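Q: Sharing a structure below in structure tokens format, with a few things to ask.
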Amino acid sequence: MYKIYCLNNISPEGLALLTDNYEVTENIDEADAILVRSADMHEMEVPANLKAVARAGAGVNNIPLDKFAEAGIAVFNTPGANANAVKELVLAGMLLASRDIIGGVAWVRDNADDENVGKAAEKAKKQFAGGEILGKTLGVIGLGAIGKLVAQAAGAVGMKVIGYDPAMDEITVHEQISPTVEFADLPKVLKESDFITIHVPALPATKGMINADAIAQMKDGVVFLNFSRDVLVDDAAMAEALESGKVAAYVTDFANPAVVKMERAIVIPHLGASTAEAEDNCAKMAVEEVMAYLERGEKIHCVN
Ligand code: MLT
């Protein structure tokens with residue numbers, strides 16, 4: 001009987017796939033495998049029996065990959081399983097940055113006691129007006145599972161899309177994503193986009209890649225969206241760019257003490273993958289990966 005420990009809430013749809021050979025335990029010390037979402041495992045003591053960790057999600061920066069590899073513990077993730085959820089929030093982020101929807105909704109709440117709120121709203125609304133995304137250029141940095149869906153969706157709503165991914169070439173992008181996505185290098189994406197969205201993992205090589213130099217190459221008034229990880233963006237450089245107006249809005253899914261104080265940042269509490277559908281998909285994929293590994297030694301989406 002294999003013992004599975006859940007370090008975060010894992011969707012019951014995923015756990016339901018566990019066969020009679022498995023038991024969900026409350027005691028981490030006896031776990032053969034751990035299912036985890038965002039809990040930080042870096043300082044955790046490694047249970048003696050542990051053979052596998054499956055991250056129900058894509059990012060694995062909460063897991064000490066090398067330490068676990070040295071201990072013979074395989075780590076898996078679930079790439080693509082939550083990609084649609086993140087894509088939908090990126091689209092929402094572009095719309096929230098294009099018009100002051102947040103300010104407008106707050107205005108209505110603030111005027112909730114006004115009997116003539118309808119009339120007053122008609123007068124007040126001009127301060128919340130904005131622009132459309134139709135015809136604007138979206139730069140996508142990273143064309144993996146999420147970047148690909150974002151690029152396709154943006155094209156479908158009439159945006160011009162330029163994509164950059166060091167692991168791809170023009171033919172692959174045209175065949176696997178869309179012939180209408182222009183494949184470009186990073187400087188072109190930075191220079192020509194009205195909106196830029198980043199979809200790369202947090203690695204030593206990508207940490208701080210959106211720094212003062214990268215921002216200086218962007219269009220004045222660009223909207224920058226970060227639904228990947230906060231460490232990709234140099235917060236001090238972004239704060240300065242928002243203050244000067246170089247960046248019109250920074251939409252980020254990662255609250256930290258620096259971004260929450262930025263005037264024109266739209267900060268979301270890491271909701272990218274927080275949909276029932278994505279949680280079910282990730283949990284199912286994670287459970288299947290763990291069972292394949294424990295029973296057959298099969299490594300599906302092993303990241304260490
Ligand atoms: C991911 O890495 O898959 C997303 O950021 C969502 C999550 O952390 O659950």
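By order in the structure tokens, chains are A, B, ...; within a chain, residues start at 1; ligands start at 1, following the order shown.
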Please check which protein, DNA or RNA residues sit within 8 Å of ligand 1, counting only C-alpha atoms and all ligand atoms, and write them as a ChimeraX atom specification.

A: /A:37-38,56-60,78-79,82-83,86,227-229,270-274

Q: Skipping near chain neighbours, those fewer than 4 positions away, what residues fall within 7 Å of Ala31 of chain A using only C-alpha atoms, listed as a VMD selection string?

A: chain A and resid 3 to 5 47 49 to 50

Q: Output the selection as a PDB file, in the first residue's frame - N, CA and C atoms for each residue.

A:
ATOM      1  N   LYS A   3       1.542   5.254   0.379  1.00  0.00           N
ATOM      2  CA  LYS A   3       0.942   6.363   1.151  1.00  0.00           C
ATOM      3  C   LYS A   3       1.205   7.683   0.426  1.00  0.00           C
ATOM      4  N   ILE A   4       0.123   8.448   0.276  1.00  0.00           N
ATOM      5  CA  ILE A   4       0.217   9.740  -0.418  1.00  0.00           C
ATOM      6  C   ILE A   4      -0.116  10.842   0.582  1.00  0.00           C
ATOM      7  N   TYR A   5       0.740  11.859   0.646  1.00  0.00           N
ATOM      8  CA  TYR A   5       0.481  12.991   1.534  1.00  0.00           C
ATOM      9  C   TYR A   5       0.234  14.238   0.680  1.00  0.00           C
ATOM     10  N   PRO A  47      11.000  13.332   4.211  1.00  0.00           N
ATOM     11  CA  PRO A  47      10.560  12.067   4.823  1.00  0.00           C
ATOM     12  C   PRO A  47      11.380  10.880   4.298  1.00  0.00           C
ATOM     13  N   ASN A  49      10.824   7.811   3.612  1.00  0.00           N
ATOM     14  CA  ASN A  49      10.255   6.907   2.599  1.00  0.00           C
ATOM     15  C   ASN A  49       9.997   7.561   1.248  1.00  0.00           C
ATOM     16  N   LEU A  50      10.168   8.877   1.209  1.00  0.00           N
ATOM     17  CA  LEU A  50       9.676   9.635   0.050  1.00  0.00           C
ATOM     18  C   LEU A  50      10.377   9.233  -1.252  1.00  0.00           C
TER      19      LEU A  50
END

Q: Do you know which residues are at most 9 Å from segment 241-255 of chain A counting only C-alpha atoms, after dropping those on the same chain fewer than 6 positions away, and could you put them as number ranges by chain?

A: A: 90, 93-94, 96-98, 212, 215-216, 218-230, 262-272

Q: Just to confirm, what's the straight-line distance from atom CA of Glu277 of chain A to atom CA of Asn9 of chain A in Å (one decimal)?

A: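 Going from atom CA of Glu277 of chain A over to atom CA of Asn9 of chain A covers 14.5 Å.
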
Q: What lies within 9 Å of Leu7 of chain A using only C-alpha atoms, ignoring chain neighbours under 5 positions off, as a PDB file with C-alpha atoms, in the first residue's frame?

A:
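Writing the result to part-v7.pdb gives the following:
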ATOM      1  CA  ILE A  28       3.970  13.075   6.150  1.00  0.00           C
ATOM      2  CA  ILE A  34       3.726  14.079  -1.852  1.00  0.00           C
ATOM      3  CA  LEU A  35       1.236  16.073  -3.902  1.00  0.00           C
ATOM      4  CA  VAL A  36       1.888  19.801  -3.677  1.00  0.00           C
ATOM      5  CA  ARG A  37       0.687  23.057  -5.170  1.00  0.00           C
ATOM      6  CA  SER A  38       2.444  26.248  -3.993  1.00  0.00           C
ATOM      7  CA  ALA A  39       3.718  25.210  -0.525  1.00  0.00           C
TER       8      ALA A  39
END

Q: If you run DSSP on the backbone, which residues of segment 194-304 of chain A are strand (DSSP E), as JSON, numbers by chain?

A: {"A": [195, 196, 197, 198, 222, 223, 224, 225, 226, 247, 248, 249, 250, 251, 252, 265, 266, 267]}

Q: What's the separation between atom CA of Ser193 of chain A and atom CA of Leu91 of chain A, in Å to one decimal place?

A: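 Atom CA of Leu91 of chain A lies at a distance of 15.4 Å from atom CA of Ser193 of chain A.
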
Q: Neighbouring residues of Val189 of chain A were defined as those with any atom within 12 Å, considering only C-alpha atoms; residues of the same chain fewer than 2 positions away were excluded. Please report them as a VMD selection string.

A: chain A and resid 137 to 142 160 to 165 181 to 187 191 to 198 214 to 215 217 to 219 222 224

Q: Measure the distance from atom CA of Met209 of chain A to atom CA of Val231 of chain A in Å and round it to one decimal.

A: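 About the pair atom CA of Met209 of chain A and atom CA of Val231 of chain A: they are 8.7 Å apart.
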
Q: Choose the residue, out of A:Gly131, A:His42, A:Ala92, A:Ala120, that has the smallest atom-to-atom separation from Asp66 of chain A; count only C-alpha atoms.

A: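 Looking at the shortest contact to Asp66 of chain A, the residue is A:His42.
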
Q: Considering only C-alpha atoms, can you say which of A:Ala106, A:Val173, A:Ala85, A:Val150 comes closest to Ala276 of chain A?

A: A:Ala85

Q: So which residues of segment 76-263 of chain A fall under alpha helix (DSSP H) by DSSP, listed as number ranges by chain?

A: A: 83-98, 101-110, 117-124, 145-156, 170-176, 186-192, 212-216, 235-244

Q: If we count only C-alpha atoms and set the cut-off at 10 Å, which residues sit around Phe68 of chain A, ignoring sequence neighbours fewer than 4 positions away in its own chain? Please answer as a CSV table (one decimal) with N, CA, C and O atoms, in the first residue's frame.

A:
chain,number,residue,atom,x,y,z
A,42,HIS,N,11.4,24.1,0.3
A,42,HIS,CA,12.9,24.2,0.4
A,42,HIS,C,13.4,23.9,1.8
A,42,HIS,O,14.5,23.3,1.9
A,46,VAL,N,13.1,16.0,4.7
A,46,VAL,CA,12.7,15.0,3.7
A,46,VAL,C,12.3,13.7,4.4
A,46,VAL,O,13.1,13.1,5.0
A,50,LEU,N,10.2,8.9,1.2
A,50,LEU,CA,9.7,9.6,0.0
A,50,LEU,C,10.4,9.2,-1.3
A,50,LEU,O,11.6,9.2,-1.3
A,51,LYS,N,9.6,9.0,-2.3
A,51,LYS,CA,10.1,8.6,-3.6
A,51,LYS,C,9.8,9.5,-4.7
A,51,LYS,O,10.4,9.6,-5.7
A,52,ALA,N,8.6,10.2,-4.5
A,52,ALA,CA,8.2,11.1,-5.6
A,52,ALA,C,7.4,12.3,-5.0
A,52,ALA,O,6.8,12.3,-4.0
A,53,VAL,N,7.6,13.4,-5.7
A,53,VAL,CA,6.8,14.7,-5.4
A,53,VAL,C,6.1,15.1,-6.7
A,53,VAL,O,6.8,15.1,-7.8
A,63,ILE,N,10.2,24.0,-5.0
A,63,ILE,CA,10.7,22.6,-4.7
A,63,ILE,C,12.2,22.6,-4.9
A,63,ILE,O,12.7,23.0,-6.0
A,64,PRO,N,13.0,22.1,-4.0
A,64,PRO,CA,14.4,22.0,-4.1
A,64,PRO,C,14.8,20.8,-5.0
A,64,PRO,O,15.0,19.7,-4.6
A,72,GLY,N,17.3,10.9,-4.5
A,72,GLY,CA,16.7,9.9,-5.3
A,72,GLY,C,15.2,10.1,-5.3
A,72,GLY,O,14.4,9.1,-5.6
A,73,ILE,N,14.7,11.3,-5.1
A,73,ILE,CA,13.3,11.6,-5.2
A,73,ILE,C,12.9,12.3,-6.5
A,73,ILE,O,13.5,13.3,-6.8
A,74,ALA,N,12.1,11.6,-7.2
A,74,ALA,CA,11.7,12.2,-8.6
A,74,ALA,C,10.6,13.3,-8.4
A,74,ALA,O,9.7,13.1,-7.6
A,75,VAL,N,10.8,14.4,-9.1
A,75,VAL,CA,9.8,15.5,-9.0
A,75,VAL,C,9.1,15.6,-10.4
A,75,VAL,O,9.8,15.6,-11.4
A,304,ASN,N,13.5,16.7,-12.5
A,304,ASN,CA,14.8,16.7,-11.9
A,304,ASN,C,15.6,15.4,-12.3
A,304,ASN,O,16.2,14.8,-11.5

Q: So that I can see what lies close to Val108 of chain A, please list as number ranges by chain the residues with an atom at most 12 Å from it, counting only C-alpha atoms and leaving out residues fewer than 2 positions away in the same chain.

A: A: 101-106, 110-122, 124-125, 128

Q: Measuring between only C-alpha atoms, which one of A:His301, A:His199, A:Arg296, A:Met285 shows the shortest distance to Ala16 of chain A?

A: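 Checking each candidate against Ala16 of chain A, we get A:Met285 as the closest.
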